[in-house]
Amino acid sequence: MSAIGVVSSCSCLRPSVWLLKPKMQKMSCLGLHTAARCAAKDYYEVLVLGGGTGGITMSARMKRKVGTGNVAVVEPSKTHYYQPLWTLVGGGAKQLAASARPTGSVMPKGVEWIKSRVTALDPEKNCVWLENDTKVSYKYLIIALGISLHYEKIKGLPEGFHHPKIGSNYSVHTVEKTWKALQDFKEGNAIFTFPNTPVKCAGAPQKIMYLSEAYWRKTGKRSKANIMFNTSLGVIFGVKKYADALSEIIKERNITVNYKRNLVEVRADKQEAVFENLDKPGVTEVHQYEMLHVTPPMGPPDVLINSPVSDEIGWVDVDKETLQHKKYPNVFGIGDCTNLPTSKTAAAVAAQSGVLDKTISLVMKNQLPTKKYDGYTSCPLVTGYNKVILAEFDYDAQPLETFPIDQSKERVTMYHMKADMMPFLYWNALLK
């Protein structure tokens with residue numbers, strides 16, 4: 001699940017507040033190839049790979065620079081999702097349908113939509129290959145392919161999702177199962193996981209835990225629930241100010257946190273979850289569950305692994321301040337598919353888009369980029385059905401807050417911003 005119309009799992013804040021103001025296939029791109037069946041043309045001044053948040057946002061910006069018909073987006077999915085809403089869908093506070101719109105409806109007017117999947121990148125020849133051996137060349141390339149989910153790296157998944165009492169807010173196919181498992185809970189362990197890989201929005205795996213706790217309090221089941229957060233990390237959150245606030249909430253609500261625990265197997269028929277102790281490699285422990293929420297391992301899209309545009313892991317290798325590729329000056333990256341050392345969120349994409357816009361403008365004029373991305377990202381940490389801690393921070397994990405208040409405090413106003421205001425701004429401002 002690379003770009004496929006799926007966006008990161010935290011909503012944007014600072015940039016949207018601003019909006020309120022004025023496996024690599026070694027093919028050569030030389031020689032004969034079949035006629036483009038998916039692409040309207042075989043050359044574009046700006047080619048964008050991926051129709052998620054970063055891809056749609058940048059295509060709108062680029063169309064204004066180079067004109068109608070000169071920008072194309074490669075995106076196979078017919079549906080574009082606003083995934084930040086899935087936290088609330090899994091908690092029963094929003095409907096899944098509210099997070100989806102046809103991809104064609106969010107594609108900027110004057111931008112060509114190539115309904116295909118990229119299969120290889122050849123930056124030396126300034127072209128990419130699509131399905132059906134279609135070649136498309138470009139002057140400038142923006143890579144916005146998102147991040148891939150790997151449920152299959154957990155033994156027993158994804159087939160385990162056919163059983164009850166298990167869900168995941170990270171997939172359109174499993175998010176409603178989270179709400180069902182939450183409603184059907186009777187008594188026992190409720191386990192929430194965080195994998196031993198990069199993830200989109202480090203806060204999302206625990207947001208559903210807080211919503212679940214609140215729901216069981218409201219329905220009189222809280223005393224029968226032993227809530228556990230089993231995380232591969234050694235801290236509850238990467239920014240101390242917000243970690244301290246979350247630790248207080250965890251203590252007040254009697255939630256157990258087990259650090260350095262990585263989910264390696266789900267025995268859904270027995271309702272058992274197996275975790276490896278990362279401090280003792282090879283040592284595992286088995287927990288019975290009455291409810292299990294799985295955050296899957298994640299990684300770069302397959303097409304980027306061993307690609308010339310990627311680092312040794314598979315992330316697009318860009319300058320962390322300008323988002324320009326370190327080797328190919330006419331190639332740029334944005335969002336979850338890059339190796340930018342910040343949290344992978346839609347808020348980060350929103351901030352990055354402004355910087356990348358300036359970077360490309362100067363590159364087009366044969367000038368050096370000057371605008372610098374500071375690593376800004378945001379994660380509205382939902383701690384209840386009307387409470388949010390608004391975490392905003394930079395590359396150095398230092399708070400970079402929008403409002404003149406203590407944002408580590410739970411606030412009703414921030415919940416409504418997350419649940420109501422940000423979706424509106426996403427569809428009507430950021431993507432445009």
# chains A, B, ... in the order shown; residues from 1 in each chain; ligands from 1
$ select_by_dssp --residues "range 267-420 of chain A" --states "strand (DSSP E or B)" --output "number ranges by chain"
A: 267, 272-277, 284-288, 291-293, 298-299, 310, 316, 318, 324-325, 331-333, 338, 344, 377-384, 387-393, 399, 411
$ residues_around --residues "range 393-409 of chain A" --least-positions-apart "6" --cutoff "10 Å" --atoms "only C-alpha atoms" --output "PyMOL selection string"
chain A and resi 13-15+17-18+238-246+320+340-343+348+373-381+387
$ write_last_selection --atoms "N, CA and C atoms" --output "PDB file, in the first residue's frame"
ATOM      1  N   LEU A  13      -1.506  20.784  11.064  1.00  0.00           N
ATOM      2  CA  LEU A  13      -1.991  21.891  11.847  1.00  0.00           C
ATOM      3  C   LEU A  13      -1.382  23.207  11.428  1.00  0.00           C
ATOM      4  N   ARG A  14      -0.108  23.438  11.731  1.00  0.00           N
ATOM      5  CA  ARG A  14       0.463  24.747  11.454  1.00  0.00           C
ATOM      6  C   ARG A  14       0.258  25.182  10.018  1.00  0.00           C
ATOM      7  N   PRO A  15       0.553  24.337   9.009  1.00  0.00           N
ATOM      8  CA  PRO A  15       0.354  24.770   7.635  1.00  0.00           C
ATOM      9  C   PRO A  15      -1.101  25.086   7.320  1.00  0.00           C
ATOM     10  N   VAL A  17      -3.326  26.211   9.495  1.00  0.00           N
ATOM     11  CA  VAL A  17      -3.636  27.480  10.126  1.00  0.00           C
ATOM     12  C   VAL A  17      -3.195  28.598   9.192  1.00  0.00           C
ATOM     13  N   TRP A  18      -2.035  28.403   8.589  1.00  0.00           N
ATOM     14  CA  TRP A  18      -1.543  29.380   7.621  1.00  0.00           C
ATOM     15  C   TRP A  18      -2.500  29.513   6.444  1.00  0.00           C
ATOM     16  N   GLY A 238       8.309  10.512  21.516  1.00  0.00           N
ATOM     17  CA  GLY A 238       9.666  10.976  21.283  1.00  0.00           C
ATOM     18  C   GLY A 238       9.981  12.383  21.741  1.00  0.00           C
ATOM     19  N   VAL A 239       8.967  13.164  22.108  1.00  0.00           N
ATOM     20  CA  VAL A 239       9.176  14.538  22.573  1.00  0.00           C
ATOM     21  C   VAL A 239       8.835  14.591  24.057  1.00  0.00           C
ATOM     22  N   LYS A 240       9.806  14.973  24.876  1.00  0.00           N
ATOM     23  CA  LYS A 240       9.665  14.850  26.328  1.00  0.00           C
ATOM     24  C   LYS A 240       8.444  15.595  26.879  1.00  0.00           C
ATOM     25  N   LYS A 241       8.200  16.799  26.388  1.00  0.00           N
ATOM     26  CA  LYS A 241       7.077  17.584  26.915  1.00  0.00           C
ATOM     27  C   LYS A 241       5.761  16.815  26.810  1.00  0.00           C
ATOM     28  N   TYR A 242       5.525  16.203  25.661  1.00  0.00           N
ATOM     29  CA  TYR A 242       4.283  15.466  25.455  1.00  0.00           C
ATOM     30  C   TYR A 242       4.349  14.079  26.093  1.00  0.00           C
ATOM     31  N   ALA A 243       5.534  13.499  26.135  1.00  0.00           N
ATOM     32  CA  ALA A 243       5.696  12.199  26.786  1.00  0.00           C
ATOM     33  C   ALA A 243       5.355  12.299  28.270  1.00  0.00           C
ATOM     34  N   ASP A 244       5.773  13.384  28.904  1.00  0.00           N
ATOM     35  CA  ASP A 244       5.474  13.582  30.324  1.00  0.00           C
ATOM     36  C   ASP A 244       3.962  13.671  30.548  1.00  0.00           C
ATOM     37  N   ALA A 245       3.277  14.399  29.650  1.00  0.00           N
ATOM     38  CA  ALA A 245       1.822  14.536  29.785  1.00  0.00           C
ATOM     39  C   ALA A 245       1.126  13.200  29.565  1.00  0.00           C
ATOM     40  N   LEU A 246       1.576  12.440  28.570  1.00  0.00           N
ATOM     41  CA  LEU A 246       0.977  11.133  28.293  1.00  0.00           C
ATOM     42  C   LEU A 246       1.232  10.156  29.441  1.00  0.00           C
ATOM     43  N   LYS A 320      17.642  17.100   3.744  1.00  0.00           N
ATOM     44  CA  LYS A 320      16.606  17.252   4.768  1.00  0.00           C
ATOM     45  C   LYS A 320      16.083  18.684   4.890  1.00  0.00           C
ATOM     46  N   LEU A 340      13.702  11.732   5.344  1.00  0.00           N
ATOM     47  CA  LEU A 340      13.730  12.892   6.232  1.00  0.00           C
ATOM     48  C   LEU A 340      13.593  12.422   7.675  1.00  0.00           C
ATOM     49  N   PRO A 341      14.474  12.879   8.568  1.00  0.00           N
ATOM     50  CA  PRO A 341      14.477  12.385   9.954  1.00  0.00           C
ATOM     51  C   PRO A 341      13.434  13.062  10.835  1.00  0.00           C
ATOM     52  N   THR A 342      12.175  12.964  10.421  1.00  0.00           N
ATOM     53  CA  THR A 342      11.084  13.505  11.222  1.00  0.00           C
ATOM     54  C   THR A 342       9.922  12.528  11.166  1.00  0.00           C
ATOM     55  N   SER A 343       8.940  12.722  12.037  1.00  0.00           N
ATOM     56  CA  SER A 343       7.788  11.827  12.047  1.00  0.00           C
ATOM     57  C   SER A 343       7.033  11.911  10.723  1.00  0.00           C
ATOM     58  N   ALA A 348       3.524  16.970   8.431  1.00  0.00           N
ATOM     59  CA  ALA A 348       4.866  17.138   7.875  1.00  0.00           C
ATOM     60  C   ALA A 348       4.786  17.393   6.377  1.00  0.00           C
ATOM     61  N   TYR A 373      13.454  23.488   5.333  1.00  0.00           N
ATOM     62  CA  TYR A 373      12.463  22.764   6.141  1.00  0.00           C
ATOM     63  C   TYR A 373      13.080  22.429   7.484  1.00  0.00           C
ATOM     64  N   ASP A 374      12.393  22.802   8.552  1.00  0.00           N
ATOM     65  CA  ASP A 374      12.922  22.617   9.909  1.00  0.00           C
ATOM     66  C   ASP A 374      12.505  21.304  10.557  1.00  0.00           C
ATOM     67  N   GLY A 375      11.828  20.457   9.793  1.00  0.00           N
ATOM     68  CA  GLY A 375      11.391  19.182  10.351  1.00  0.00           C
ATOM     69  C   GLY A 375      10.039  19.243  11.022  1.00  0.00           C
ATOM     70  N   TYR A 376       9.325  20.388  10.865  1.00  0.00           N
ATOM     71  CA  TYR A 376       8.023  20.532  11.525  1.00  0.00           C
ATOM     72  C   TYR A 376       7.103  19.357  11.216  1.00  0.00           C
ATOM     73  N   THR A 377       6.497  18.849  12.269  1.00  0.00           N
ATOM     74  CA  THR A 377       5.449  17.849  12.128  1.00  0.00           C
ATOM     75  C   THR A 377       4.482  18.018  13.292  1.00  0.00           C
ATOM     76  N   SER A 378       3.329  17.429  13.160  1.00  0.00           N
ATOM     77  CA  SER A 378       2.313  17.577  14.193  1.00  0.00           C
ATOM     78  C   SER A 378       1.556  16.273  14.362  1.00  0.00           C
ATOM     79  N   CYS A 379       1.146  16.005  15.592  1.00  0.00           N
ATOM     80  CA  CYS A 379       0.312  14.845  15.850  1.00  0.00           C
ATOM     81  C   CYS A 379      -0.710  15.212  16.916  1.00  0.00           C
ATOM     82  N   PRO A 380      -1.962  15.405  16.534  1.00  0.00           N
ATOM     83  CA  PRO A 380      -3.006  15.626  17.542  1.00  0.00           C
ATOM     84  C   PRO A 380      -3.270  14.317  18.287  1.00  0.00           C
ATOM     85  N   LEU A 381      -2.809  14.246  19.520  1.00  0.00           N
ATOM     86  CA  LEU A 381      -2.912  13.020  20.309  1.00  0.00           C
ATOM     87  C   LEU A 381      -4.289  12.941  20.950  1.00  0.00           C
ATOM     88  N   LYS A 387     -11.124  15.117  23.774  1.00  0.00           N
ATOM     89  CA  LYS A 387      -9.864  15.646  24.295  1.00  0.00           C
ATOM     90  C   LYS A 387      -8.709  15.336  23.341  1.00  0.00           C
TER      91      LYS A 387
END
$ residues_around --residues "range 271-276 of chain A" --least-positions-apart "5" --cutoff "12 Å" --atoms "only C-alpha atoms" --output "JSON, numbers by chain"
{"A": [154, 155, 156, 157, 160, 161, 163, 164, 165, 166, 188, 189, 190, 191, 192, 193, 194, 195, 196, 228, 229, 230, 231, 232, 258, 259, 260, 261, 262, 263, 264, 265, 266, 281, 282, 283, 284, 285, 286, 287, 288, 289, 290, 291, 292, 293, 294]}
$ atom_distance --atom1 "CA of Tyr170 in chain A" --atom2 "CA of Pro296 in chain A"
7.7 Å
$ select_by_dssp --residues "range 53-152 of chain A" --states "alpha helix (DSSP H)" --output "PyMOL selection string"
chain A and resi 53-66+86-90+103-106
